[in-house]
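Enquirer: So that we are looking at the same thing, I have put the structure below in structure tokens.
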Amino acid sequence: MGKINISDSLILPCGATIKNRIGKSAMSENMGSKGFVSNDFFQTLYERWADGGTGLLITGNVMVDQRALGEARNVVIEKGISDPSLKSWAEVGKKNHTQIWVQLNHPGKQSPKFLSKVPVAPSAIPLKKPLSRVFNTPRALSDLEIIEIIERFAYAAKVCKESGFTGVQIHGAHGYLVSQFLSPTHNQRTDKWGGSIENRMRFVSEIYQSIRREVGAQFPISIKLNSADFQKGGFSKEDSMKVVQHLSELGMDLIEISGGTYETPVMTGTKVKESTKAREAYFMDYCEEVRKIVKTPLMLTGGFRSSQGMNEALSSGVCDMVGIARSLAINPDFSNELLSGKDVKSLVKPLSTGFPFLDRTFPLEIVWYTDQLHLMGKGQDPNIKRSPLRSVLSMILELGMSAVKKVRG
Ligand SMILES: Cc1cc2nc3c(=O)[nH]c(=O)nc-3n(C[C@H](O)[C@H](O)[C@H](O)COP(=O)(O)O)c2cc1C
């Protein structure tokens with residue numbers, strides 16, 4: 001067999017096929033309507049991406065409980081919410097044989113003060129300073145509440161399948177609830193949900209199994225997982241290897257590899273070493289190690305910018321798919337350009353308002369790219385010349401001051 005490149009299709013363990021090796025990684029749209037439902041914005045945006053050649057579109061995180069939101073204007077799938085628009089969203093996302101998977105999430109303690117008075121978490125441990133100014137101290141979940149959240153993930157996955165989405169992804173990365181359970185710093189429970197890594201991964205393992213029971217053997221289920229959370233005494237590389245191995249054995253279809261949390265936000269590369277950036281993918285070394293222990297398809301996300309970098313990663317066999325986020329926010333046709341066989345480079349570059357104080361104050365990486373998604377959702381083109389300050393103002397107007405608070409990125 002020849003070397004794999006971005007144009008090759010991929011058959012998942014469940015039997016589904018992804019038409020090429022490019023995956024759009026999740027980017028929260030912050031576009032939901034009152035009542036936590038989706039709307040035309042999502043359809044316009046995802047049609048744009050489905051026309052752009054990407055093989056797999058993973059939606060921005062969709063929450064499983066309206067009492068536990070991560071951001072303003074999240075979409076929520078839970079009992080009691082009827083969202084007929086989900087069907088049209090799935091329909092446009094499937095255009096051109098594209099796969100469209102919903103990323104399901106529960107933020108746990110990473111639900112900001114303006115959204116949660118008392119967030120929930122495995123243990124009542126607050127986020128570190130300075131984040132503790134923006135997030136309230138959580139209370140520990142009871143055993144019954146944990147089981148109820150697992151059922152919420154399964155219910156939401158069932159609704160996704162019924163609405164026509166072609167798969168789901170569990171958000172197990174970036175410091176949200178699943179990742180809080182995995183972390184020995186954030187999970188200090190003494191019952192069956194805490195302690196050993198076997199206990200800490202029980203939550204994600206049961207989420208996977210209950211989703212599988214709902215959606216059947218032929219429906220893709222993925223997880224986005226941290227290589228490590230880069231915190232002393234936190235979720236380590238060794239822990240994450242055990243989780244990867246276990247989830248593979250259970251039948252996970254695709255493992256997306258990322259890293260970082262709100263406390264150590266390495267996922268968008270802001271705190272990544274120069275030598276790592278030169279290799280394009282921030283978590284390449286870790287992915288190489290995972291590759292040695294599992295056969296499950298791996299999607300590596302974070303830092304990919306050029307056709308050359310992507311094809312090298314694929315042909316070396318380190319990963320089976322490349323995950324791309326920001327490049328697709330500024331150019332929805334980026335995948336078609338990559339697939340054309342030409343030497344292509346993304347125009348993603350560091351952002352600045354020109355005022356260091358403002359750059360430190362606002363989460364520009366999130367605000368500016370979210371603004372680009374909103375432009376596309378309104379049927380316009382993204383605008384890479386848009387000034388970051390303009391994006392800050394436009395996000396304040398659309399979502400309120402809370403949207404530009406520095407909680408991540
Ligand atoms: C505006 C924005 C929103 C994001 N929202 C999510 C999200 O909802 N879920 C998630 O797993 N990652 C989210 N991410 C992280 C991306 O999926 C990705 O891991 C990160 O941007 C690195 O990939 P890139 O270098 O190709 O941008 C978001 C990133 C940005 C810029």
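Residues are named by chain letter and number: chains run A, B, ... in the order of the structure tokens, numbers start at 1 in each chain, and ligands are numbered from 1 in the order shown.
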Could you list, with a cut-off of 8 Å and counting only C-alpha atoms and all ligand atoms, the residues of chain A near ligand 1, each shown with its nearest atom pair and the distance in Å rounded to one decimal, rows sorted by chain and ascending number, as JSON lines?
Expert:
```
{"residue": "A:Lys24", "atom": "CA", "partner": "ligand 1", "partner_atom_place_in_ligand_line": "17 (O)", "distance": 7.8}
{"residue": "A:Ser25", "atom": "CA", "partner": "ligand 1", "partner_atom_place_in_ligand_line": "17 (O)", "distance": 4.4}
{"residue": "A:Ala26", "atom": "CA", "partner": "ligand 1", "partner_atom_place_in_ligand_line": "17 (O)", "distance": 4.2}
{"residue": "A:Met27", "atom": "CA", "partner": "ligand 1", "partner_atom_place_in_ligand_line": "5 (N)", "distance": 3.3}
{"residue": "A:Ser28", "atom": "CA", "partner": "ligand 1", "partner_atom_place_in_ligand_line": "8 (O)", "distance": 3.8}
{"residue": "A:Glu29", "atom": "CA", "partner": "ligand 1", "partner_atom_place_in_ligand_line": "3 (C)", "distance": 7.1}
{"residue": "A:Thr59", "atom": "CA", "partner": "ligand 1", "partner_atom_place_in_ligand_line": "8 (O)", "distance": 7.5}
{"residue": "A:Gly60", "atom": "CA", "partner": "ligand 1", "partner_atom_place_in_ligand_line": "8 (O)", "distance": 4.1}
{"residue": "A:Asn61", "atom": "CA", "partner": "ligand 1", "partner_atom_place_in_ligand_line": "8 (O)", "distance": 4.0}
{"residue": "A:Val62", "atom": "CA", "partner": "ligand 1", "partner_atom_place_in_ligand_line": "8 (O)", "distance": 7.7}
{"residue": "A:Gln103", "atom": "CA", "partner": "ligand 1", "partner_atom_place_in_ligand_line": "9 (N)", "distance": 7.1}
{"residue": "A:His171", "atom": "CA", "partner": "ligand 1", "partner_atom_place_in_ligand_line": "11 (O)", "distance": 6.0}
{"residue": "A:Ala173", "atom": "CA", "partner": "ligand 1", "partner_atom_place_in_ligand_line": "11 (O)", "distance": 6.6}
{"residue": "A:His174", "atom": "CA", "partner": "ligand 1", "partner_atom_place_in_ligand_line": "11 (O)", "distance": 7.0}
{"residue": "A:Lys224", "atom": "CA", "partner": "ligand 1", "partner_atom_place_in_ligand_line": "11 (O)", "distance": 6.5}
{"residue": "A:Ser258", "atom": "CA", "partner": "ligand 1", "partner_atom_place_in_ligand_line": "19 (O)", "distance": 5.9}
{"residue": "A:Gly259", "atom": "CA", "partner": "ligand 1", "partner_atom_place_in_ligand_line": "19 (O)", "distance": 7.8}
{"residue": "A:Met267", "atom": "CA", "partner": "ligand 1", "partner_atom_place_in_ligand_line": "20 (C)", "distance": 5.3}
{"residue": "A:Thr268", "atom": "CA", "partner": "ligand 1", "partner_atom_place_in_ligand_line": "22 (C)", "distance": 4.6}
{"residue": "A:Gly269", "atom": "CA", "partner": "ligand 1", "partner_atom_place_in_ligand_line": "25 (O)", "distance": 6.9}
{"residue": "A:Ala281", "atom": "CA", "partner": "ligand 1", "partner_atom_place_in_ligand_line": "25 (O)", "distance": 7.8}
{"residue": "A:Thr301", "atom": "CA", "partner": "ligand 1", "partner_atom_place_in_ligand_line": "23 (O)", "distance": 5.3}
{"residue": "A:Gly302", "atom": "CA", "partner": "ligand 1", "partner_atom_place_in_ligand_line": "23 (O)", "distance": 3.4}
{"residue": "A:Gly303", "atom": "CA", "partner": "ligand 1", "partner_atom_place_in_ligand_line": "25 (O)", "distance": 3.7}
{"residue": "A:Phe304", "atom": "CA", "partner": "ligand 1", "partner_atom_place_in_ligand_line": "26 (O)", "distance": 5.7}
{"residue": "A:Arg305", "atom": "CA", "partner": "ligand 1", "partner_atom_place_in_ligand_line": "26 (O)", "distance": 7.3}
{"residue": "A:Gly323", "atom": "CA", "partner": "ligand 1", "partner_atom_place_in_ligand_line": "26 (O)", "distance": 6.4}
{"residue": "A:Ile324", "atom": "CA", "partner": "ligand 1", "partner_atom_place_in_ligand_line": "26 (O)", "distance": 3.8}
{"residue": "A:Ala325", "atom": "CA", "partner": "ligand 1", "partner_atom_place_in_ligand_line": "26 (O)", "distance": 3.8}
{"residue": "A:Arg326", "atom": "CA", "partner": "ligand 1", "partner_atom_place_in_ligand_line": "27 (O)", "distance": 3.8}
{"residue": "A:Ser327", "atom": "CA", "partner": "ligand 1", "partner_atom_place_in_ligand_line": "26 (O)", "distance": 6.1}
{"residue": "A:Leu328", "atom": "CA", "partner": "ligand 1", "partner_atom_place_in_ligand_line": "26 (O)", "distance": 7.9}
{"residue": "A:Glu365", "atom": "CA", "partner": "ligand 1", "partner_atom_place_in_ligand_line": "31 (C)", "distance": 5.6}
{"residue": "A:Ile366", "atom": "CA", "partner": "ligand 1", "partner_atom_place_in_ligand_line": "1 (C)", "distance": 4.0}
{"residue": "A:Val367", "atom": "CA", "partner": "ligand 1", "partner_atom_place_in_ligand_line": "1 (C)", "distance": 6.4}
{"residue": "A:Trp368", "atom": "CA", "partner": "ligand 1", "partner_atom_place_in_ligand_line": "1 (C)", "distance": 7.3}
{"residue": "A:Tyr369", "atom": "CA", "partner": "ligand 1", "partner_atom_place_in_ligand_line": "1 (C)", "distance": 4.7}
{"residue": "A:Thr370", "atom": "CA", "partner": "ligand 1", "partner_atom_place_in_ligand_line": "1 (C)", "distance": 4.6}
{"residue": "A:Gly409", "atom": "CA", "partner": "ligand 1", "partner_atom_place_in_ligand_line": "31 (C)", "distance": 7.8}
```
Enquirer: Export N, CA, C and O atoms of the chosen residues as a short mmCIF file (atom, residue, chain, number, x, y, z; two decimals), in the first residue's frame?
Expert:
```
data_model
loop_
_atom_site.label_atom_id
_atom_site.label_comp_id
_atom_site.auth_asym_id
_atom_site.auth_seq_id
_atom_site.Cartn_x
_atom_site.Cartn_y
_atom_site.Cartn_z
N LYS A 24 -12.49 19.06 10.29
CA LYS A 24 -12.64 20.39 10.92
C LYS A 24 -12.83 20.15 12.39
O LYS A 24 -13.79 19.53 12.82
N SER A 25 -11.91 20.64 13.19
CA SER A 25 -12.02 20.46 14.63
C SER A 25 -13.09 21.41 15.18
O SER A 25 -13.41 22.41 14.55
N ALA A 26 -13.62 21.08 16.36
CA ALA A 26 -14.74 21.86 16.91
C ALA A 26 -14.37 23.31 17.17
O ALA A 26 -13.29 23.60 17.69
N MET A 27 -15.25 24.22 16.77
CA MET A 27 -15.12 25.62 17.19
C MET A 27 -16.50 26.08 17.64
O MET A 27 -17.45 26.05 16.85
N SER A 28 -16.58 26.50 18.88
CA SER A 28 -17.87 26.90 19.43
C SER A 28 -18.42 28.08 18.64
O SER A 28 -17.73 29.07 18.43
N GLU A 29 -19.66 27.98 18.20
CA GLU A 29 -20.22 29.00 17.31
C GLU A 29 -20.78 30.19 18.07
O GLU A 29 -20.86 31.29 17.51
N THR A 59 -18.92 19.71 14.94
CA THR A 59 -19.57 20.96 15.34
C THR A 59 -18.87 21.55 16.57
O THR A 59 -18.14 20.84 17.27
N GLY A 60 -19.15 22.80 16.85
CA GLY A 60 -18.71 23.39 18.10
C GLY A 60 -19.41 22.67 19.25
O GLY A 60 -20.42 21.99 19.04
N ASN A 61 -18.88 22.82 20.45
CA ASN A 61 -19.47 22.03 21.55
C ASN A 61 -20.93 22.38 21.80
O ASN A 61 -21.34 23.52 21.86
N VAL A 62 -21.72 21.28 21.90
CA VAL A 62 -23.15 21.36 22.20
C VAL A 62 -23.31 20.79 23.60
O VAL A 62 -22.75 19.74 23.91
N GLN A 103 -20.20 17.62 18.58
CA GLN A 103 -19.36 17.49 19.78
C GLN A 103 -20.22 17.73 21.01
O GLN A 103 -20.82 18.81 21.17
N HIS A 171 -16.50 15.45 24.19
CA HIS A 171 -15.41 16.38 24.47
C HIS A 171 -14.72 15.95 25.77
O HIS A 171 -15.21 16.20 26.86
N ALA A 173 -11.49 16.73 26.35
CA ALA A 173 -10.24 17.50 26.44
C ALA A 173 -10.47 18.84 27.13
O ALA A 173 -11.55 19.13 27.64
N HIS A 174 -9.43 19.66 27.14
CA HIS A 174 -9.48 21.09 27.49
C HIS A 174 -10.03 21.44 28.86
O HIS A 174 -10.51 22.55 29.08
N LYS A 224 -12.45 13.62 21.88
CA LYS A 224 -11.30 14.53 21.83
C LYS A 224 -10.65 14.45 23.19
O LYS A 224 -11.30 14.63 24.23
N SER A 258 -5.57 16.47 21.41
CA SER A 258 -5.34 17.89 21.64
C SER A 258 -4.62 18.00 22.98
O SER A 258 -3.99 17.04 23.43
N GLY A 259 -4.73 19.14 23.65
CA GLY A 259 -4.09 19.26 24.95
C GLY A 259 -4.47 20.57 25.60
O GLY A 259 -5.00 21.46 24.94
N MET A 267 -3.89 24.62 23.85
CA MET A 267 -4.56 24.07 22.67
C MET A 267 -4.49 24.96 21.44
O MET A 267 -4.52 24.50 20.32
N THR A 268 -4.39 26.28 21.66
CA THR A 268 -4.26 27.16 20.50
C THR A 268 -2.83 27.64 20.32
O THR A 268 -2.57 28.58 19.57
N GLY A 269 -1.90 27.01 21.00
CA GLY A 269 -0.48 27.25 20.72
C GLY A 269 0.10 28.49 21.38
O GLY A 269 1.28 28.79 21.17
N ALA A 281 2.49 20.51 14.17
CA ALA A 281 1.48 19.98 15.08
C ALA A 281 2.00 19.99 16.52
O ALA A 281 3.05 19.43 16.81
N THR A 301 -4.71 17.30 16.18
CA THR A 301 -5.21 18.68 16.01
C THR A 301 -4.34 19.68 16.74
O THR A 301 -3.86 19.41 17.84
N GLY A 302 -4.19 20.83 16.14
CA GLY A 302 -3.48 21.93 16.79
C GLY A 302 -2.19 22.25 16.06
O GLY A 302 -1.22 21.49 16.17
N GLY A 303 -2.19 23.35 15.31
CA GLY A 303 -0.95 23.83 14.71
C GLY A 303 -0.74 23.50 13.24
O GLY A 303 0.16 24.07 12.62
N PHE A 304 -1.51 22.58 12.67
CA PHE A 304 -1.30 22.26 11.25
C PHE A 304 -1.58 23.48 10.38
O PHE A 304 -2.64 24.11 10.51
N ARG A 305 -0.65 23.81 9.49
CA ARG A 305 -0.82 25.00 8.65
C ARG A 305 -0.57 24.76 7.17
O ARG A 305 -1.01 25.54 6.34
N GLY A 323 -6.51 17.41 12.03
CA GLY A 323 -7.60 18.26 12.53
C GLY A 323 -7.22 19.72 12.34
O GLY A 323 -6.09 20.11 12.66
N ILE A 324 -8.16 20.49 11.79
CA ILE A 324 -7.87 21.91 11.52
C ILE A 324 -9.00 22.76 12.07
O ILE A 324 -10.17 22.47 11.80
N ALA A 325 -8.66 23.81 12.80
CA ALA A 325 -9.72 24.70 13.31
C ALA A 325 -9.58 26.09 12.70
O ALA A 325 -10.26 26.45 11.74
N ARG A 326 -8.65 26.90 13.23
CA ARG A 326 -8.61 28.32 12.84
C ARG A 326 -8.46 28.55 11.34
O ARG A 326 -9.06 29.48 10.80
N SER A 327 -7.68 27.71 10.66
CA SER A 327 -7.50 27.94 9.21
C SER A 327 -8.83 27.85 8.48
O SER A 327 -9.04 28.53 7.47
N LEU A 328 -9.74 27.00 8.99
CA LEU A 328 -11.04 26.87 8.34
C LEU A 328 -12.02 27.97 8.75
O LEU A 328 -13.07 28.14 8.14
N GLU A 365 -7.66 35.20 20.49
CA GLU A 365 -7.73 34.00 19.65
C GLU A 365 -9.16 33.48 19.54
O GLU A 365 -9.57 32.95 18.53
N ILE A 366 -9.91 33.60 20.61
CA ILE A 366 -11.29 33.12 20.60
C ILE A 366 -12.19 34.16 19.93
O ILE A 366 -12.96 33.85 19.02
N VAL A 367 -12.07 35.41 20.38
CA VAL A 367 -12.99 36.46 19.93
C VAL A 367 -12.90 36.69 18.42
O VAL A 367 -13.91 36.73 17.71
N TRP A 368 -11.70 36.81 17.91
CA TRP A 368 -11.52 37.14 16.49
C TRP A 368 -12.03 36.01 15.60
O TRP A 368 -12.73 36.22 14.62
N TYR A 369 -11.72 34.75 16.00
CA TYR A 369 -12.16 33.63 15.17
C TYR A 369 -13.67 33.41 15.30
O TYR A 369 -14.33 33.04 14.32
N THR A 370 -14.21 33.63 16.48
CA THR A 370 -15.67 33.51 16.62
C THR A 370 -16.35 34.54 15.73
O THR A 370 -17.36 34.25 15.06
N GLY A 409 -7.83 30.79 26.12
CA GLY A 409 -7.20 31.21 24.85
C GLY A 409 -6.17 32.27 25.02
O GLY A 409 -6.33 33.37 25.36
#
```
Enquirer: Once DSSP has gone over the backbone, tell me which residues of range 227-289 of chain A are in strand (DSSP E), as number ranges by chain.
Expert: A: 254-258
Enquirer: Of the candidates A:Leu399, A:Leu351, A:Leu358, A:Leu338, which one gets nearest to Ser33 in chain A if we count only C-alpha atoms?
Expert: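 Under the stated criterion, the closest residue is A:Leu399.
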Enquirer: Taking only C-alpha atoms into account, name the residue in A:Asn105, A:Thr166, A:Thr261, A:Asn136 that is nearest to Asn226 in chain A.
Expert: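 Using only C-alpha atoms, Asn226 in chain A sits closest to A:Thr261.
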Enquirer: Nearest to His374 in chain A among A:Leu45, A:Ile197, A:Ala154, A:Leu177, with distances taken over only C-alpha atoms: which residue is it?
Expert: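 The shortest atom-to-atom distance to His374 in chain A comes from A:Leu45.
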Enquirer: Taking the DSSP assignment computed from this structure's backbone, write out as a PyMOL selection string all residues of range 233-389 of chain A that belong to helix (DSSP H, G or I).
Expert: chain A and resi 237-250+274-278+284-293+307-315+326-330+334-339+356-361+364-377+388-389
Enquirer: Just give me the gap between CA of Ser123 in chain A and CA of Lys109 in chain A in Å, one decimal is fine.
Expert: 9.5 Å
Enquirer: Could you check which of A:Ile293, A:Val322, A:Val344, A:Ile77 is closest to Tyr155 in chain A, using only C-alpha atoms?
Expert: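 That would be A:Ile77, the residue with the smallest distance to Tyr155 in chain A.
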Enquirer: What is the distance between CA of Leu298 in chain A and CA of Ile255 in chain A, in Å to one decimal?
Expert: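 So the two atoms, CA of Leu298 in chain A and CA of Ile255 in chain A, lie 4.9 Å apart.
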Enquirer: I'd like the interatomic distance between CA of Tyr262 in chain A and CA of Ala313 in chain A, to a tenth of an Å.
Expert: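 Going from CA of Tyr262 in chain A over to CA of Ala313 in chain A, I get 27.3 Å.
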Enquirer: Could you pull the residues within 12 Å of Ile146 in chain A, counting only C-alpha atoms, minus those fewer than 2 positions along the same chain, as number ranges by chain?
Expert: A: 106, 108, 120-123, 140-144, 148-153, 177-178, 181, 191-193, 202-204, 206-207
Enquirer: Could you save those same residues with N, CA, C and O atoms as a compact mmCIF listing (two decimals), in the first residue's frame?
Expert:
```
# COMPACT_ATOMS: atom_id res chain seq x y z
N HIS A 106 -20.02 18.79 28.59
CA HIS A 106 -20.49 19.33 29.86
C HIS A 106 -19.29 20.07 30.43
O HIS A 106 -18.22 19.47 30.58
N GLY A 108 -18.59 21.22 33.43
CA GLY A 108 -18.18 21.06 34.82
C GLY A 108 -17.87 22.42 35.41
O GLY A 108 -18.62 23.38 35.23
N VAL A 120 -20.83 22.42 38.83
CA VAL A 120 -20.57 21.10 39.43
C VAL A 120 -19.26 20.54 38.90
O VAL A 120 -18.80 20.92 37.83
N ALA A 121 -18.68 19.64 39.68
CA ALA A 121 -17.39 19.05 39.31
C ALA A 121 -17.24 17.74 40.08
O ALA A 121 -18.03 17.46 40.99
N PRO A 122 -16.21 16.95 39.76
CA PRO A 122 -16.01 15.71 40.54
C PRO A 122 -15.79 16.03 42.02
O PRO A 122 -16.31 15.36 42.89
N SER A 123 -15.00 17.08 42.29
CA SER A 123 -14.73 17.49 43.68
C SER A 123 -14.87 19.00 43.79
O SER A 123 -14.77 19.70 42.77
N ALA A 140 -19.25 19.28 44.64
CA ALA A 140 -19.01 17.92 44.14
C ALA A 140 -20.32 17.25 43.72
O ALA A 140 -21.34 17.40 44.40
N LEU A 141 -20.28 16.55 42.64
CA LEU A 141 -21.47 15.82 42.16
C LEU A 141 -21.74 14.60 43.05
O LEU A 141 -20.80 13.94 43.51
N SER A 142 -23.02 14.28 43.22
CA SER A 142 -23.36 13.05 43.94
C SER A 142 -23.29 11.89 42.93
O SER A 142 -23.27 12.11 41.72
N ASP A 143 -23.30 10.70 43.47
CA ASP A 143 -23.25 9.50 42.63
C ASP A 143 -24.42 9.48 41.64
O ASP A 143 -24.24 9.23 40.44
N LEU A 144 -25.59 9.84 42.15
CA LEU A 144 -26.79 9.85 41.28
C LEU A 144 -26.68 10.88 40.17
O LEU A 144 -27.07 10.65 39.03
N GLU A 148 -26.77 10.52 36.12
CA GLU A 148 -27.71 11.31 35.32
C GLU A 148 -26.97 12.02 34.17
O GLU A 148 -27.48 12.09 33.04
N ILE A 149 -25.78 12.51 34.42
CA ILE A 149 -25.02 13.19 33.35
C ILE A 149 -24.63 12.19 32.26
O ILE A 149 -24.70 12.48 31.07
N ILE A 150 -24.26 10.99 32.67
CA ILE A 150 -23.91 9.95 31.68
C ILE A 150 -25.12 9.70 30.78
O ILE A 150 -25.01 9.64 29.55
N GLU A 151 -26.30 9.63 31.40
CA GLU A 151 -27.52 9.40 30.61
C GLU A 151 -27.81 10.58 29.69
O GLU A 151 -28.35 10.42 28.59
N ARG A 152 -27.46 11.79 30.13
CA ARG A 152 -27.67 12.98 29.29
C ARG A 152 -26.83 12.88 28.01
O ARG A 152 -27.28 13.23 26.93
N PHE A 153 -25.58 12.45 28.15
CA PHE A 153 -24.74 12.30 26.95
C PHE A 153 -25.40 11.29 25.99
O PHE A 153 -25.45 11.52 24.78
N LEU A 177 -15.72 18.77 31.98
CA LEU A 177 -16.07 17.78 33.01
C LEU A 177 -15.37 16.42 32.81
O LEU A 177 -14.85 15.85 33.78
N VAL A 178 -15.38 15.89 31.58
CA VAL A 178 -14.76 14.57 31.38
C VAL A 178 -13.28 14.64 31.76
O VAL A 178 -12.74 13.77 32.44
N PHE A 181 -12.74 14.73 35.50
CA PHE A 181 -12.79 13.41 36.11
C PHE A 181 -11.47 12.67 35.94
O PHE A 181 -11.02 11.94 36.81
N ASP A 191 -14.66 7.57 46.09
CA ASP A 191 -15.56 6.48 45.70
C ASP A 191 -15.09 5.85 44.39
O ASP A 191 -13.96 6.08 43.95
N LYS A 192 -15.95 5.12 43.70
CA LYS A 192 -15.51 4.40 42.48
C LYS A 192 -15.20 5.32 41.31
O LYS A 192 -14.71 4.88 40.27
N TRP A 193 -15.49 6.62 41.45
CA TRP A 193 -15.23 7.58 40.35
C TRP A 193 -13.89 8.30 40.51
O TRP A 193 -13.54 9.16 39.69
N ARG A 202 -13.67 5.87 34.70
CA ARG A 202 -14.97 5.20 34.69
C ARG A 202 -16.04 6.11 34.06
O ARG A 202 -16.91 5.66 33.32
N PHE A 203 -15.98 7.40 34.36
CA PHE A 203 -16.98 8.35 33.86
C PHE A 203 -16.99 8.36 32.33
O PHE A 203 -18.03 8.14 31.70
N VAL A 204 -15.84 8.55 31.72
CA VAL A 204 -15.80 8.62 30.25
C VAL A 204 -16.12 7.25 29.64
O VAL A 204 -16.81 7.15 28.61
N GLU A 206 -18.11 4.99 30.85
CA GLU A 206 -19.56 4.75 30.89
C GLU A 206 -20.30 5.66 29.92
O GLU A 206 -21.34 5.28 29.38
N ILE A 207 -19.80 6.87 29.72
CA ILE A 207 -20.42 7.75 28.73
C ILE A 207 -20.34 7.07 27.35
O ILE A 207 -21.33 6.95 26.63
```
Enquirer: Please determine, counting only C-alpha atoms, which residue among A:Asn311, A:Ser116, A:Thr54, A:Ser306 has the shortest atom-to-atom distance to Ile22 in chain A.
Expert: A:Thr54
Enquirer: I want to know what sits within 7 Å of Ile100 in chain A, based on only C-alpha atoms, with residues of the same chain fewer than 6 positions away left out; could you give that as a ChimeraX atom specification?
Expert: /A:56-58,90,93-94,165-167
Enquirer: Got a sec: who's within 9 Å of Leu393 in chain A, counting only C-alpha atoms, leaving out chain neighbours fewer than 5 positions off, as a PyMOL selection string?
Expert: chain A and resi 388+398+404
Enquirer: Select, from A:Gln372, A:Ser132, A:Gln180, A:Gln209, the residue with the minimum atom-to-atom distance to Ala228 in chain A, counting only C-alpha atoms.
Expert: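 Distance minimum relative to Ala228 in chain A lands on A:Gln180.
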Enquirer: Mind checking which residues fall within 7 Å of range 9-18 of chain A, counting only C-alpha atoms, ignoring those fewer than 3 positions away in the same chain, and posting them as an MDAnalysis selection string?
Expert: chainID A and resid 21 55:56 99 217:220 253
